[in-house]
Amino acid sequence: NAGVTQTPKFQVLKTGQSMTLQCAQDMNHNSMYWYRQDPGMGLRLIYYSASEGTTDKGEVPNGYNVSRLNKREFSLRLESAAPSQTSVYFCASSEAGGGNQPQHFGDGTRLSIL
Amino acid sequence: AQSVTQLGSHVSVSEGALVLLRCNYSSSVPPYLFWYVQYPNQGLQLLLKYTSAATLVKGINGFEAEFKKSETSFHLTKPSAHMSDAAEYFCAVTLNTGFQKLVFGTGTRLLVSP
């Protein structure tokens with residue numbers, strides 16, 4: 001049982017390059033999320049999708065775009081990477097957006113911007 | 001807006017000793033509260049959650065947490081630490097009204113010595 005799958009696991013980019021982080025879940029969850037994790041700052045929400053066809057900004061959306069391709073897939077795009085975007089990125093999903101539903105996380109993408 | 005504060009970025013215990021990780025929350029309405037654990041190079045896994053049923057919540061791996069409204073706390077405990085408990089632990093809060101996003105604390109790294 002795969003759960004939430006993120007690709008790639010590691011990536012090194014040069015400043016100004018673009019890339020898309022992929023996320024897919026096989027639990028038939030309605031809601032999906034993208035977070036970034038930085039030392040001493042916990043996880044911060046970048047964007048989320050409450051249901052298929054909707055996306056909304058989270059706490060730190062600047063410099064990112066997202067696409068909810070279908071119910072299973074939710075991608076995060078960096079159009080012009082900056083060193084400040086060096087981080088570990090996590091995708092998560094939940095059965096519904098109600099507050100009592102736990103989120104299930106992927107293993108992360110470790111991204112370095114030089 | 002809701003928030004959580006985790007006291008102590010690092011906690012060190014000896015194997016067999018009591019584990020106590022502190023979490024205080026701020027919320028204007030009754031919250032849902034979660035503890036997640038993150039092992040190295042992995043995503044977050046749900047340990048336990050409080051959703052307004054019993055105030056003492058039991059989770060996986062022998063962990064439990066008690067919701068104390070008067071103290072706005074949700075501390076995580078385990079009677080006897082094991083080497084395999086070494087990880088980073090995150091407290092998170094959301095509200096029990098409609099679609100809500102998780103807000104994470106900054107995390108506490110638990111170190112277990114033999």
# chains A, B, ... in the order shown; residues from 1 in each chain; ligands from 1
call {"tool": "residues_around", "arguments": {"residues": "His75 in chain B", "least_positions_apart": "2", "cutoff": "12 Å", "atoms": "only C-alpha atoms", "output": "ChimeraX atom specification"}}
result
/B:4-7,19-25,33-35,48-50,55-57,63-69,71-73,77-78,89-92,108
call {"tool": "interface_residues", "arguments": {"of": "chain A", "to": "chain B", "cutoff": "9 Å", "atoms": "only C-alpha atoms", "output": "MDAnalysis selection string"}}
result
chainID A and resid 39:45 48 50 58 90:91 96:100 102:108
call {"tool": "residues_around", "arguments": {"residues": "Leu13 in chain A", "least_positions_apart": "3", "cutoff": "8 Å", "atoms": "only C-alpha atoms", "output": "PyMOL selection string"}}
result
chain A and resi 17+81+111-114
call {"tool": "write_last_selection", "arguments": {"atoms": "C-alpha atoms", "output": "tab-separated table (two decimals), in the first residue's frame"}}
result
chain	number	residue	atom	x	y	z
A	17	GLN	CA	15.43	27.08	-13.28
A	81	ALA	CA	13.73	28.80	-8.40
A	111	LEU	CA	15.32	20.37	-2.99
A	112	SER	CA	18.51	22.45	-3.14
A	113	ILE	CA	18.71	25.66	-5.14
A	114	LEU	CA	22.25	26.82	-5.92
call {"tool": "residues_around", "arguments": {"residues": "Met83 in chain B", "least_positions_apart": "6", "cutoff": "9 Å", "atoms": "only C-alpha atoms", "output": "list in words"}}
result
Ser14, Glu15, Gly16, Leu111, Val112, Ser113 and Pro114 of chain B
call {"tool": "atom_distance", "arguments": {"atom1": "CA of Gly8 in chain B", "atom2": "CA of Gln37 in chain A"}}
result
18.0 Å
call {"tool": "decode", "arguments": {"residues": "range 29-74 of chain B", "atoms": "C-alpha atoms", "output": "CSV table (one decimal), in the first residue's frame"}}
result
chain,number,residue,atom,x,y,z
B,29,VAL,CA,-13.0,27.7,19.7
B,30,PRO,CA,-12.6,24.0,20.7
B,31,PRO,CA,-9.7,22.6,18.8
B,32,TYR,CA,-8.7,19.3,17.3
B,33,LEU,CA,-5.1,18.4,18.3
B,34,PHE,CA,-2.6,16.0,16.8
B,35,TRP,CA,0.8,14.6,17.5
B,36,TYR,CA,2.9,13.4,14.6
B,37,VAL,CA,6.3,11.7,14.6
B,38,GLN,CA,9.0,12.1,12.0
B,39,TYR,CA,11.9,9.6,11.7
B,40,PRO,CA,15.0,10.6,9.7
B,41,ASN,CA,14.4,11.1,6.0
B,42,GLN,CA,10.8,10.2,6.3
B,43,GLY,CA,7.4,11.9,6.2
B,44,LEU,CA,5.2,12.5,9.3
B,45,GLN,CA,3.2,9.7,10.8
B,46,LEU,CA,0.2,10.2,13.0
B,47,LEU,CA,0.8,9.2,16.6
B,48,LEU,CA,-2.6,10.2,18.1
B,49,LYS,CA,-5.4,12.8,17.8
B,50,TYR,CA,-7.8,14.5,20.2
B,51,THR,CA,-11.2,15.2,18.7
B,52,SER,CA,-13.3,16.1,21.8
B,53,ALA,CA,-14.2,12.6,22.9
B,54,ALA,CA,-12.0,11.3,25.8
B,55,THR,CA,-9.5,13.8,27.1
B,56,LEU,CA,-6.8,11.1,27.6
B,57,VAL,CA,-5.9,9.8,24.1
B,58,LYS,CA,-3.8,6.7,23.5
B,59,GLY,CA,-1.7,6.4,20.4
B,60,ILE,CA,0.7,4.1,18.8
B,61,ASN,CA,4.0,2.8,20.2
B,62,GLY,CA,2.9,3.4,23.8
B,63,PHE,CA,2.4,7.1,23.6
B,64,GLU,CA,-0.5,9.0,25.1
B,65,ALA,CA,-1.6,12.6,25.5
B,66,GLU,CA,-4.0,14.4,27.8
B,67,PHE,CA,-6.1,17.4,26.7
B,68,LYS,CA,-6.3,19.9,29.5
B,69,LYS,CA,-8.6,22.8,28.5
B,70,SER,CA,-7.8,24.8,31.7
B,71,GLU,CA,-4.1,24.8,30.9
B,72,THR,CA,-4.6,24.9,27.1
B,73,SER,CA,-2.1,22.0,26.9
B,74,PHE,CA,-1.8,18.7,25.1
